file protein.cif (mmCIF, N, CA and C atoms)
data_data
#
loop_
_atom_site.label_atom_id
_atom_site.label_comp_id
_atom_site.auth_asym_id
_atom_site.auth_seq_id
_atom_site.Cartn_x
_atom_site.Cartn_y
_atom_site.Cartn_z
N MET B 1 81.39 137.14 5.63
CA MET B 1 81.70 136.65 6.97
C MET B 1 80.44 136.04 7.59
N GLU B 2 80.61 134.90 8.23
CA GLU B 2 79.47 134.21 8.83
C GLU B 2 78.94 134.95 10.05
N LYS B 3 77.65 134.88 10.21
CA LYS B 3 76.97 135.48 11.36
C LYS B 3 76.70 134.41 12.40
N ILE B 4 76.52 134.85 13.63
CA ILE B 4 76.21 133.93 14.72
C ILE B 4 74.93 133.15 14.43
N ARG B 5 73.94 133.76 13.83
CA ARG B 5 72.68 133.07 13.55
C ARG B 5 72.90 131.86 12.64
N ASP B 6 74.02 131.85 11.88
CA ASP B 6 74.31 130.73 10.99
C ASP B 6 74.86 129.50 11.72
N ILE B 7 75.43 129.70 12.90
CA ILE B 7 76.06 128.57 13.59
C ILE B 7 75.46 128.29 14.97
N MET B 8 74.64 129.18 15.49
CA MET B 8 74.11 129.00 16.85
C MET B 8 73.10 127.86 16.93
N THR B 9 72.93 127.36 18.11
CA THR B 9 71.87 126.41 18.41
C THR B 9 70.67 127.24 18.83
N ASP B 10 69.54 127.05 18.15
CA ASP B 10 68.38 127.89 18.49
C ASP B 10 67.32 127.15 19.29
N GLN B 11 67.50 125.86 19.49
CA GLN B 11 66.60 125.09 20.35
C GLN B 11 67.32 124.88 21.68
N VAL B 12 67.22 125.85 22.58
CA VAL B 12 67.97 125.83 23.83
C VAL B 12 67.06 125.40 24.98
N GLU B 13 67.48 124.38 25.69
CA GLU B 13 66.76 123.95 26.89
C GLU B 13 67.15 124.88 28.03
N CYS B 14 66.17 125.33 28.77
CA CYS B 14 66.41 126.28 29.85
C CYS B 14 65.78 125.80 31.14
N CYS B 15 66.17 126.43 32.23
CA CYS B 15 65.50 126.29 33.51
C CYS B 15 65.03 127.68 33.91
N THR B 16 64.21 127.73 34.96
CA THR B 16 63.70 129.02 35.43
C THR B 16 64.14 129.26 36.86
N LEU B 17 63.83 130.43 37.35
CA LEU B 17 64.15 130.76 38.74
C LEU B 17 63.38 129.89 39.72
N LEU B 18 62.34 129.21 39.26
CA LEU B 18 61.57 128.32 40.12
C LEU B 18 62.26 126.97 40.32
N ASP B 19 63.23 126.65 39.47
CA ASP B 19 63.94 125.38 39.58
C ASP B 19 65.01 125.45 40.66
N ASN B 20 65.34 124.29 41.21
CA ASN B 20 66.44 124.25 42.18
C ASN B 20 67.67 123.61 41.52
N VAL B 21 68.77 123.60 42.25
CA VAL B 21 70.03 123.12 41.71
C VAL B 21 69.94 121.65 41.30
N PHE B 22 69.25 120.83 42.09
CA PHE B 22 69.09 119.42 41.75
C PHE B 22 68.40 119.26 40.40
N GLU B 23 67.33 120.02 40.16
CA GLU B 23 66.59 119.93 38.90
C GLU B 23 67.46 120.34 37.72
N VAL B 24 68.30 121.35 37.92
CA VAL B 24 69.21 121.77 36.86
C VAL B 24 70.23 120.66 36.58
N ALA B 25 70.77 120.07 37.63
CA ALA B 25 71.76 118.99 37.45
C ALA B 25 71.15 117.80 36.71
N VAL B 26 69.92 117.46 37.03
CA VAL B 26 69.25 116.35 36.35
C VAL B 26 69.06 116.68 34.87
N LYS B 27 68.66 117.92 34.58
CA LYS B 27 68.48 118.31 33.18
C LYS B 27 69.81 118.27 32.43
N MET B 28 70.88 118.71 33.08
CA MET B 28 72.21 118.63 32.46
C MET B 28 72.56 117.19 32.12
N LYS B 29 72.28 116.29 33.04
CA LYS B 29 72.58 114.88 32.83
C LYS B 29 71.75 114.33 31.67
N GLU B 30 70.45 114.61 31.67
CA GLU B 30 69.56 114.11 30.62
C GLU B 30 69.97 114.61 29.24
N LEU B 31 70.38 115.87 29.17
CA LEU B 31 70.73 116.49 27.89
C LEU B 31 72.20 116.34 27.53
N ASN B 32 72.99 115.85 28.49
CA ASN B 32 74.44 115.72 28.30
C ASN B 32 75.07 117.06 27.93
N VAL B 33 74.76 118.09 28.75
CA VAL B 33 75.31 119.43 28.55
C VAL B 33 75.95 119.90 29.85
N GLY B 34 76.80 120.89 29.74
CA GLY B 34 77.50 121.42 30.90
C GLY B 34 77.01 122.77 31.36
N ALA B 35 75.99 123.31 30.69
CA ALA B 35 75.46 124.62 31.08
C ALA B 35 74.00 124.71 30.70
N ILE B 36 73.25 125.39 31.53
CA ILE B 36 71.83 125.61 31.29
C ILE B 36 71.54 127.10 31.52
N PRO B 37 70.96 127.77 30.53
CA PRO B 37 70.54 129.15 30.74
C PRO B 37 69.35 129.19 31.71
N ILE B 38 69.28 130.25 32.48
CA ILE B 38 68.16 130.46 33.40
C ILE B 38 67.37 131.64 32.88
N VAL B 39 66.07 131.40 32.69
CA VAL B 39 65.21 132.45 32.13
C VAL B 39 64.06 132.76 33.09
N ASP B 40 63.58 133.97 32.98
CA ASP B 40 62.37 134.41 33.67
C ASP B 40 61.44 134.84 32.55
N LYS B 41 60.44 134.02 32.26
CA LYS B 41 59.65 134.09 31.03
C LYS B 41 60.64 133.83 29.90
N ASP B 42 60.81 134.72 28.94
CA ASP B 42 61.81 134.51 27.89
C ASP B 42 63.09 135.30 28.15
N ARG B 43 63.10 136.06 29.22
CA ARG B 43 64.23 136.95 29.52
C ARG B 43 65.38 136.17 30.17
N LEU B 44 66.56 136.26 29.59
CA LEU B 44 67.74 135.61 30.14
C LEU B 44 68.17 136.32 31.42
N VAL B 45 68.23 135.57 32.53
CA VAL B 45 68.62 136.18 33.80
C VAL B 45 69.88 135.57 34.39
N GLY B 46 70.32 134.44 33.83
CA GLY B 46 71.53 133.82 34.36
C GLY B 46 71.92 132.59 33.58
N MET B 47 73.00 132.00 34.02
CA MET B 47 73.50 130.76 33.42
C MET B 47 74.08 129.96 34.57
N ILE B 48 73.83 128.67 34.55
CA ILE B 48 74.41 127.80 35.57
C ILE B 48 75.17 126.69 34.85
N THR B 49 76.40 126.49 35.28
CA THR B 49 77.26 125.48 34.66
C THR B 49 77.51 124.35 35.64
N ASP B 50 78.01 123.25 35.12
CA ASP B 50 78.37 122.15 36.00
C ASP B 50 79.43 122.61 37.00
N ARG B 51 80.29 123.50 36.57
CA ARG B 51 81.32 124.04 37.48
C ARG B 51 80.69 124.88 38.58
N ASP B 52 79.67 125.68 38.25
CA ASP B 52 78.96 126.46 39.28
C ASP B 52 78.38 125.53 40.34
N ILE B 53 77.80 124.42 39.89
CA ILE B 53 77.19 123.47 40.83
C ILE B 53 78.25 122.92 41.78
N VAL B 54 79.42 122.60 41.24
CA VAL B 54 80.48 122.05 42.08
C VAL B 54 81.09 123.12 42.99
N VAL B 55 81.50 124.25 42.42
CA VAL B 55 82.23 125.26 43.18
C VAL B 55 81.33 126.07 44.11
N ARG B 56 80.20 126.54 43.60
CA ARG B 56 79.32 127.39 44.43
C ARG B 56 78.27 126.59 45.18
N GLY B 57 78.04 125.36 44.75
CA GLY B 57 77.01 124.53 45.37
C GLY B 57 77.62 123.51 46.32
N VAL B 58 78.14 122.43 45.77
CA VAL B 58 78.64 121.32 46.56
C VAL B 58 79.78 121.75 47.49
N ALA B 59 80.77 122.47 46.96
CA ALA B 59 81.92 122.86 47.76
C ALA B 59 81.55 123.81 48.91
N GLU B 60 80.44 124.52 48.74
CA GLU B 60 79.98 125.42 49.81
C GLU B 60 78.84 124.79 50.61
N LYS B 61 78.67 123.48 50.43
CA LYS B 61 77.71 122.67 51.19
C LYS B 61 76.26 123.11 51.05
N HIS B 62 75.90 123.58 49.84
CA HIS B 62 74.51 123.91 49.57
C HIS B 62 73.78 122.63 49.16
N PRO B 63 72.58 122.40 49.68
CA PRO B 63 71.83 121.21 49.30
C PRO B 63 71.28 121.34 47.88
N GLY B 64 70.83 120.23 47.31
CA GLY B 64 70.24 120.23 45.98
C GLY B 64 69.00 121.08 45.89
N SER B 65 68.37 121.36 47.02
CA SER B 65 67.15 122.17 47.03
C SER B 65 67.44 123.67 46.95
N THR B 66 68.71 124.04 46.87
CA THR B 66 69.10 125.46 46.77
C THR B 66 68.53 126.08 45.51
N LYS B 67 68.04 127.32 45.62
CA LYS B 67 67.51 128.03 44.45
C LYS B 67 68.64 128.29 43.46
N VAL B 68 68.32 128.18 42.17
CA VAL B 68 69.35 128.38 41.14
C VAL B 68 69.97 129.76 41.23
N GLU B 69 69.18 130.75 41.59
CA GLU B 69 69.73 132.11 41.62
C GLU B 69 70.81 132.28 42.68
N ASP B 70 70.90 131.36 43.64
CA ASP B 70 71.94 131.44 44.66
C ASP B 70 73.31 131.02 44.14
N ILE B 71 73.35 130.23 43.07
CA ILE B 71 74.66 129.80 42.56
C ILE B 71 74.88 130.09 41.09
N MET B 72 73.88 130.60 40.38
CA MET B 72 74.05 130.87 38.95
C MET B 72 74.92 132.11 38.74
N SER B 73 75.48 132.20 37.56
CA SER B 73 76.19 133.42 37.15
C SER B 73 75.13 134.36 36.58
N ASP B 74 75.15 135.60 37.05
CA ASP B 74 74.17 136.55 36.53
C ASP B 74 74.83 137.73 35.83
N LYS B 75 76.14 137.76 35.80
CA LYS B 75 76.88 138.77 35.05
C LYS B 75 77.31 138.09 33.75
N LEU B 76 76.43 138.16 32.77
CA LEU B 76 76.63 137.38 31.55
C LEU B 76 77.19 138.20 30.40
N ILE B 77 78.01 137.55 29.62
CA ILE B 77 78.49 138.09 28.36
C ILE B 77 77.57 137.49 27.30
N THR B 78 76.94 138.32 26.48
CA THR B 78 76.01 137.84 25.46
C THR B 78 76.38 138.44 24.11
N ILE B 79 75.71 137.95 23.09
CA ILE B 79 75.96 138.45 21.74
C ILE B 79 74.65 138.43 20.96
N SER B 80 74.56 139.24 19.92
CA SER B 80 73.36 139.23 19.08
C SER B 80 73.56 138.26 17.92
N ALA B 81 72.45 137.82 17.37
CA ALA B 81 72.49 136.86 16.26
C ALA B 81 73.13 137.45 15.01
N ASP B 82 73.13 138.78 14.89
CA ASP B 82 73.69 139.43 13.71
C ASP B 82 75.19 139.71 13.83
N ALA B 83 75.76 139.42 14.99
CA ALA B 83 77.20 139.63 15.17
C ALA B 83 77.96 138.60 14.33
N SER B 84 79.20 138.91 14.04
CA SER B 84 80.02 137.99 13.24
C SER B 84 80.59 136.89 14.13
N THR B 85 80.95 135.79 13.49
CA THR B 85 81.58 134.71 14.23
C THR B 85 82.92 135.17 14.79
N LYS B 86 83.57 136.07 14.11
CA LYS B 86 84.85 136.61 14.60
C LYS B 86 84.62 137.37 15.91
N GLU B 87 83.57 138.19 15.97
CA GLU B 87 83.26 138.92 17.20
C GLU B 87 83.00 137.96 18.35
N ALA B 88 82.25 136.91 18.08
CA ALA B 88 81.93 135.92 19.11
C ALA B 88 83.20 135.23 19.60
N ALA B 89 84.04 134.81 18.68
CA ALA B 89 85.28 134.13 19.06
C ALA B 89 86.16 135.04 19.91
N ASN B 90 86.23 136.31 19.53
CA ASN B 90 87.04 137.26 20.30
C ASN B 90 86.47 137.46 21.70
N LEU B 91 85.14 137.57 21.81
CA LEU B 91 84.50 137.71 23.12
C LEU B 91 84.76 136.49 24.00
N MET B 92 84.63 135.31 23.40
CA MET B 92 84.84 134.08 24.15
C MET B 92 86.29 133.97 24.63
N ALA B 93 87.23 134.35 23.79
CA ALA B 93 88.64 134.32 24.18
C ALA B 93 88.93 135.35 25.26
N GLU B 94 88.44 136.55 25.08
CA GLU B 94 88.68 137.64 26.03
C GLU B 94 88.15 137.30 27.43
N HIS B 95 86.99 136.68 27.48
CA HIS B 95 86.34 136.40 28.77
C HIS B 95 86.53 134.95 29.22
N GLN B 96 87.28 134.17 28.44
CA GLN B 96 87.56 132.77 28.77
C GLN B 96 86.29 131.97 29.03
N ILE B 97 85.36 132.06 28.09
CA ILE B 97 84.11 131.32 28.21
C ILE B 97 83.94 130.39 27.02
N ARG B 98 83.25 129.29 27.25
CA ARG B 98 83.06 128.27 26.22
C ARG B 98 81.68 128.34 25.60
N ARG B 99 80.77 129.09 26.23
CA ARG B 99 79.39 129.21 25.73
C ARG B 99 78.97 130.66 25.79
N LEU B 100 78.26 131.08 24.76
CA LEU B 100 77.86 132.47 24.66
C LEU B 100 76.37 132.54 24.33
N PRO B 101 75.56 133.03 25.27
CA PRO B 101 74.13 133.16 24.98
C PRO B 101 73.90 134.18 23.87
N VAL B 102 72.96 133.87 22.99
CA VAL B 102 72.59 134.76 21.90
C VAL B 102 71.25 135.38 22.27
N VAL B 103 71.23 136.71 22.27
CA VAL B 103 70.03 137.41 22.72
C VAL B 103 69.55 138.41 21.69
N GLU B 104 68.26 138.70 21.79
CA GLU B 104 67.62 139.77 21.04
C GLU B 104 67.02 140.66 22.13
N GLY B 105 67.68 141.78 22.41
CA GLY B 105 67.33 142.56 23.59
C GLY B 105 67.80 141.76 24.79
N ASP B 106 66.86 141.41 25.69
CA ASP B 106 67.23 140.54 26.81
C ASP B 106 66.57 139.16 26.69
N LYS B 107 66.02 138.87 25.50
CA LYS B 107 65.37 137.59 25.25
C LYS B 107 66.38 136.60 24.69
N LEU B 108 66.47 135.42 25.30
CA LEU B 108 67.36 134.36 24.84
C LEU B 108 66.80 133.76 23.56
N ILE B 109 67.60 133.76 22.48
CA ILE B 109 67.15 133.16 21.22
C ILE B 109 68.05 132.03 20.75
N GLY B 110 69.17 131.83 21.45
CA GLY B 110 70.08 130.77 21.07
C GLY B 110 71.31 130.74 21.93
N ILE B 111 72.21 129.85 21.57
CA ILE B 111 73.49 129.77 22.28
C ILE B 111 74.54 129.30 21.27
N VAL B 112 75.73 129.81 21.42
CA VAL B 112 76.84 129.38 20.57
C VAL B 112 77.94 128.89 21.50
N SER B 113 78.55 127.76 21.13
CA SER B 113 79.59 127.17 21.97
C SER B 113 80.84 126.90 21.15
N LEU B 114 81.91 126.56 21.84
CA LEU B 114 83.14 126.19 21.14
C LEU B 114 82.87 125.09 20.13
N GLY B 115 82.02 124.15 20.50
CA GLY B 115 81.70 123.04 19.60
C GLY B 115 81.08 123.50 18.30
N ASP B 116 80.27 124.59 18.36
CA ASP B 116 79.66 125.11 17.15
C ASP B 116 80.71 125.61 16.17
N PHE B 117 81.79 126.16 16.71
CA PHE B 117 82.89 126.62 15.85
C PHE B 117 83.69 125.43 15.34
N ALA B 118 83.87 124.46 16.21
CA ALA B 118 84.72 123.31 15.86
C ALA B 118 84.15 122.49 14.71
N ILE B 119 82.83 122.43 14.60
CA ILE B 119 82.25 121.60 13.54
C ILE B 119 82.10 122.34 12.22
N ARG B 120 82.44 123.61 12.19
CA ARG B 120 82.34 124.40 10.96
C ARG B 120 83.73 124.65 10.41
N LYS B 121 83.83 124.71 9.13
CA LYS B 121 85.11 125.08 8.53
C LYS B 121 85.16 126.59 8.52
N MET B 122 86.01 127.12 9.35
CA MET B 122 86.10 128.58 9.44
C MET B 122 87.23 129.09 8.59
N THR B 123 86.97 130.18 7.90
CA THR B 123 88.00 130.75 7.04
C THR B 123 88.69 131.91 7.74
N ASP B 124 88.19 132.34 8.87
CA ASP B 124 88.75 133.49 9.56
C ASP B 124 89.84 133.04 10.53
N ASP B 125 91.10 133.33 10.20
CA ASP B 125 92.22 132.87 11.02
C ASP B 125 92.19 133.45 12.43
N GLN B 126 91.72 134.69 12.59
CA GLN B 126 91.68 135.29 13.92
C GLN B 126 90.70 134.55 14.81
N ALA B 127 89.57 134.15 14.27
CA ALA B 127 88.59 133.41 15.06
C ALA B 127 89.19 132.08 15.50
N LYS B 128 89.90 131.41 14.59
CA LYS B 128 90.55 130.14 14.95
C LYS B 128 91.55 130.35 16.07
N GLU B 129 92.35 131.43 15.96
CA GLU B 129 93.35 131.71 17.00
C GLU B 129 92.69 131.98 18.34
N ALA B 130 91.60 132.74 18.34
CA ALA B 130 90.90 133.05 19.59
C ALA B 130 90.39 131.78 20.25
N LEU B 131 89.83 130.87 19.46
CA LEU B 131 89.31 129.62 20.01
C LEU B 131 90.43 128.73 20.52
N THR B 132 91.55 128.72 19.79
CA THR B 132 92.70 127.95 20.23
C THR B 132 93.19 128.47 21.57
N GLU B 133 93.19 129.79 21.72
CA GLU B 133 93.63 130.41 22.97
C GLU B 133 92.75 129.99 24.14
N ILE B 134 91.43 129.93 23.94
CA ILE B 134 90.53 129.49 25.00
C ILE B 134 90.86 128.06 25.39
N SER B 135 90.96 127.20 24.42
CA SER B 135 91.20 125.79 24.68
C SER B 135 92.54 125.57 25.36
N GLU B 136 93.59 126.23 24.89
CA GLU B 136 94.91 126.05 25.49
C GLU B 136 94.94 126.56 26.91
N GLN B 137 94.35 127.73 27.16
CA GLN B 137 94.37 128.27 28.52
C GLN B 137 93.54 127.41 29.46
N ASN B 138 92.40 126.93 29.00
CA ASN B 138 91.58 126.06 29.85
C ASN B 138 92.28 124.72 30.05
N TYR B 139 92.95 124.22 29.02
CA TYR B 139 93.66 122.95 29.14
C TYR B 139 94.76 123.05 30.18
N ASN B 140 95.40 124.21 30.23
CA ASN B 140 96.49 124.43 31.20
C ASN B 140 95.99 124.78 32.59
N GLY B 141 94.67 124.72 32.77
CA GLY B 141 94.11 124.95 34.09
C GLY B 141 93.80 126.39 34.41
N VAL B 142 93.91 127.27 33.43
CA VAL B 142 93.63 128.67 33.67
C VAL B 142 92.23 128.99 33.20
N GLN B 143 91.33 129.14 34.13
CA GLN B 143 89.98 129.55 33.78
C GLN B 143 89.35 130.17 35.01
N HIS B 144 88.25 130.88 34.80
CA HIS B 144 87.60 131.53 35.94
C HIS B 144 86.27 130.93 36.22
#
call {"tool": "encode", "arguments": {"input": "protein.cif", "output": "structure tokens"}}
result
Amino acid sequence: MEKIRDIMTDQVECCTLLDNVFEVAVKMKELNVGAIPIVDKDRLVGMITDRDIVVRGVAEKHPGSTKVEDIMSDKLITISADASTKEAANLMAEHQIRRLPVVEGDKLIGIVSLGDFAIRKMTDDQAKEALTEISEQNYNGVQH
């Protein structure tokens, strides 16, 4: 069975607590990504998504100078690099998330996303079903 370390992205661009929402949005645009992990030194402290910026930032009339910690998600679901791809898929389906930070202790070492699963030929039918469930539920407008 494949491990997360086999499919994760290990070169992850991050922002820090010193960055503001505008800086995170610019980095998202430059990198063409929808989420940026927030670290304090190497320690993962949060994640900010394009949806967070819209829902918690713009919709609540926060300026671009708002600190990232004011709108980032800090209750994170994470996984270790030694976990199986099946475990990751199940976690992502259960929590309806498209990206899963990979940690060693509380240190960010990578990230795995739906796209990482999509580009691999997976032999585990349960993992495929879990990913299909995420996509279908999000497609139908059900997400948190």
call {"tool": "residues_around", "arguments": {"input": "protein.cif", "residues": "segment 98-115 of chain B", "least_positions_apart": "6", "cutoff": "6.5 Å", "atoms": "only N, CA and C atoms", "output": "NGL selection string"}}
result
:B and (7-12 or 42-44 or 77-81 or 92)
call {"tool": "atom_distance", "arguments": {"input": "protein.cif", "atom1": "atom C of Asp40 of chain B", "atom2": "atom C of Leu17 of chain B"}}
result
8.9 Å
call {"tool": "closest_residue", "arguments": {"input": "protein.cif", "among": "B:Asn20, B:Thr66, B:Gln96, B:Ser73", "to": "Ile48 of chain B", "atoms": "only N, CA and C atoms"}}
result
B:Ser73
call {"tool": "atom_distance", "arguments": {"input": "protein.cif", "atom1": "atom CA of Glu30 of chain B", "atom2": "atom CA of Leu18 of chain B"}}
result
18.9 Å
call {"tool": "closest_residue", "arguments": {"input": "protein.cif", "among": "B:Lys3, B:Met28, B:Ile38, B:Met47", "to": "Asp74 of chain B", "atoms": "all atoms listed in the file"}}
result
B:Met47
call {"tool": "atom_distance", "arguments": {"input": "protein.cif", "atom1": "atom CA of Asp50 of chain B", "atom2": "atom CA of Gly34 of chain B"}}
result
5.2 Å
call {"tool": "resolve_selection", "arguments": {"input": "protein.cif", "expression": "the PyMOL selection byres ((chain B and resi 71) around 8)", "output": "list in words"}}
result
Val21, Met47, Ile48, Thr49, Asp52, Ile53, Val55, Arg56, Gly57, Thr66, Lys67, Val68, Glu69, Asp70, Met72, Ser73 and Asp74 of chain B
call {"tool": "select_by_dssp", "arguments": {"input": "protein.cif", "residues": "segment 28-65 of chain B", "states": "strand (DSSP E)", "output": "MDAnalysis selection string"}}
result
chainID B and resid 35:40 43:49
call {"tool": "select_by_dssp", "arguments": {"input": "protein.cif", "residues": "chain B", "states": "alpha helix (DSSP H)", "output": "VMD selection string"}}
result
chain B and resid 4 to 7 21 to 31 50 to 52 85 to 95 114 to 118 125 to 139
call {"tool": "axis_aligned_box", "arguments": {"input": "protein.cif", "around": "segment 21-25 of chain B", "padding_each_side": "3 Å", "output": "AutoDock Vina command-line options"}}
result
--center_x 69.2 --center_y 120.7 --center_z 39.4 --size_x 11.2 --size_y 11.8 --size_z 11.7
call {"tool": "residues_around", "arguments": {"input": "protein.cif", "residues": "Ala83 of chain B", "least_positions_apart": "6", "cutoff": "9 Å", "atoms": "only C-alpha atoms", "output": "PyMOL selection string"}}
result
chain B and resi 2-5
call {"tool": "decode", "arguments": {"input": "protein.cif", "residues": "segment 80-99 of chain B", "atoms": "N, CA and C atoms", "output": "PDB file, in the first residue's frame"}}
result
ATOM      1  N   SER B  80       0.537  12.023   8.977  1.00  0.00           N
ATOM      2  CA  SER B  80       1.983  11.792   8.940  1.00  0.00           C
ATOM      3  C   SER B  80       2.374  11.214   7.584  1.00  0.00           C
ATOM      4  N   ALA B  81       3.631  11.376   7.243  1.00  0.00           N
ATOM      5  CA  ALA B  81       4.134  10.893   5.950  1.00  0.00           C
ATOM      6  C   ALA B  81       4.083   9.374   5.849  1.00  0.00           C
ATOM      7  N   ASP B  82       4.072   8.684   6.988  1.00  0.00           N
ATOM      8  CA  ASP B  82       4.051   7.226   6.984  1.00  0.00           C
ATOM      9  C   ASP B  82       2.645   6.633   6.926  1.00  0.00           C
ATOM     10  N   ALA B  83       1.635   7.491   6.969  1.00  0.00           N
ATOM     11  CA  ALA B  83       0.259   7.006   6.878  1.00  0.00           C
ATOM     12  C   ALA B  83      -0.002   6.502   5.459  1.00  0.00           C
ATOM     13  N   SER B  84      -1.004   5.656   5.325  1.00  0.00           N
ATOM     14  CA  SER B  84      -1.333   5.118   4.003  1.00  0.00           C
ATOM     15  C   SER B  84      -2.180   6.113   3.222  1.00  0.00           C
ATOM     16  N   THR B  85      -2.159   5.955   1.912  1.00  0.00           N
ATOM     17  CA  THR B  85      -2.991   6.807   1.074  1.00  0.00           C
ATOM     18  C   THR B  85      -4.471   6.555   1.381  1.00  0.00           C
ATOM     19  N   LYS B  86      -4.801   5.357   1.768  1.00  0.00           N
ATOM     20  CA  LYS B  86      -6.184   5.036   2.129  1.00  0.00           C
ATOM     21  C   LYS B  86      -6.602   5.836   3.356  1.00  0.00           C
ATOM     22  N   GLU B  87      -5.725   5.911   4.370  1.00  0.00           N
ATOM     23  CA  GLU B  87      -6.030   6.701   5.568  1.00  0.00           C
ATOM     24  C   GLU B  87      -6.260   8.160   5.206  1.00  0.00           C
ATOM     25  N   ALA B  88      -5.411   8.694   4.343  1.00  0.00           N
ATOM     26  CA  ALA B  88      -5.529  10.092   3.935  1.00  0.00           C
ATOM     27  C   ALA B  88      -6.849  10.330   3.203  1.00  0.00           C
ATOM     28  N   ALA B  89      -7.173   9.458   2.272  1.00  0.00           N
ATOM     29  CA  ALA B  89      -8.416   9.603   1.512  1.00  0.00           C
ATOM     30  C   ALA B  89      -9.620   9.554   2.435  1.00  0.00           C
ATOM     31  N   ASN B  90      -9.588   8.649   3.406  1.00  0.00           N
ATOM     32  CA  ASN B  90     -10.701   8.544   4.352  1.00  0.00           C
ATOM     33  C   ASN B  90     -10.826   9.806   5.208  1.00  0.00           C
ATOM     34  N   LEU B  91      -9.686  10.342   5.668  1.00  0.00           N
ATOM     35  CA  LEU B  91      -9.697  11.585   6.452  1.00  0.00           C
ATOM     36  C   LEU B  91     -10.255  12.743   5.635  1.00  0.00           C
ATOM     37  N   MET B  92      -9.817  12.839   4.384  1.00  0.00           N
ATOM     38  CA  MET B  92     -10.271  13.920   3.517  1.00  0.00           C
ATOM     39  C   MET B  92     -11.774  13.818   3.258  1.00  0.00           C
ATOM     40  N   ALA B  93     -12.262  12.612   3.053  1.00  0.00           N
ATOM     41  CA  ALA B  93     -13.692  12.415   2.832  1.00  0.00           C
ATOM     42  C   ALA B  93     -14.484  12.724   4.097  1.00  0.00           C
ATOM     43  N   GLU B  94     -14.026  12.216   5.217  1.00  0.00           N
ATOM     44  CA  GLU B  94     -14.728  12.409   6.495  1.00  0.00           C
ATOM     45  C   GLU B  94     -14.853  13.896   6.853  1.00  0.00           C
ATOM     46  N   HIS B  95     -13.797  14.654   6.599  1.00  0.00           N
ATOM     47  CA  HIS B  95     -13.778  16.068   6.995  1.00  0.00           C
ATOM     48  C   HIS B  95     -14.064  17.017   5.830  1.00  0.00           C
ATOM     49  N   GLN B  96     -14.352  16.452   4.657  1.00  0.00           N
ATOM     50  CA  GLN B  96     -14.673  17.234   3.466  1.00  0.00           C
ATOM     51  C   GLN B  96     -13.616  18.284   3.159  1.00  0.00           C
ATOM     52  N   ILE B  97     -12.365  17.828   3.103  1.00  0.00           N
ATOM     53  CA  ILE B  97     -11.261  18.723   2.788  1.00  0.00           C
ATOM     54  C   ILE B  97     -10.533  18.240   1.539  1.00  0.00           C
ATOM     55  N   ARG B  98      -9.970  19.181   0.816  1.00  0.00           N
ATOM     56  CA  ARG B  98      -9.289  18.877  -0.445  1.00  0.00           C
ATOM     57  C   ARG B  98      -7.777  18.853  -0.290  1.00  0.00           C
ATOM     58  N   ARG B  99      -7.281  19.374   0.849  1.00  0.00           N
ATOM     59  CA  ARG B  99      -5.831  19.426   1.084  1.00  0.00           C
ATOM     60  C   ARG B  99      -5.561  18.981   2.508  1.00  0.00           C
TER      61      ARG B  99
END
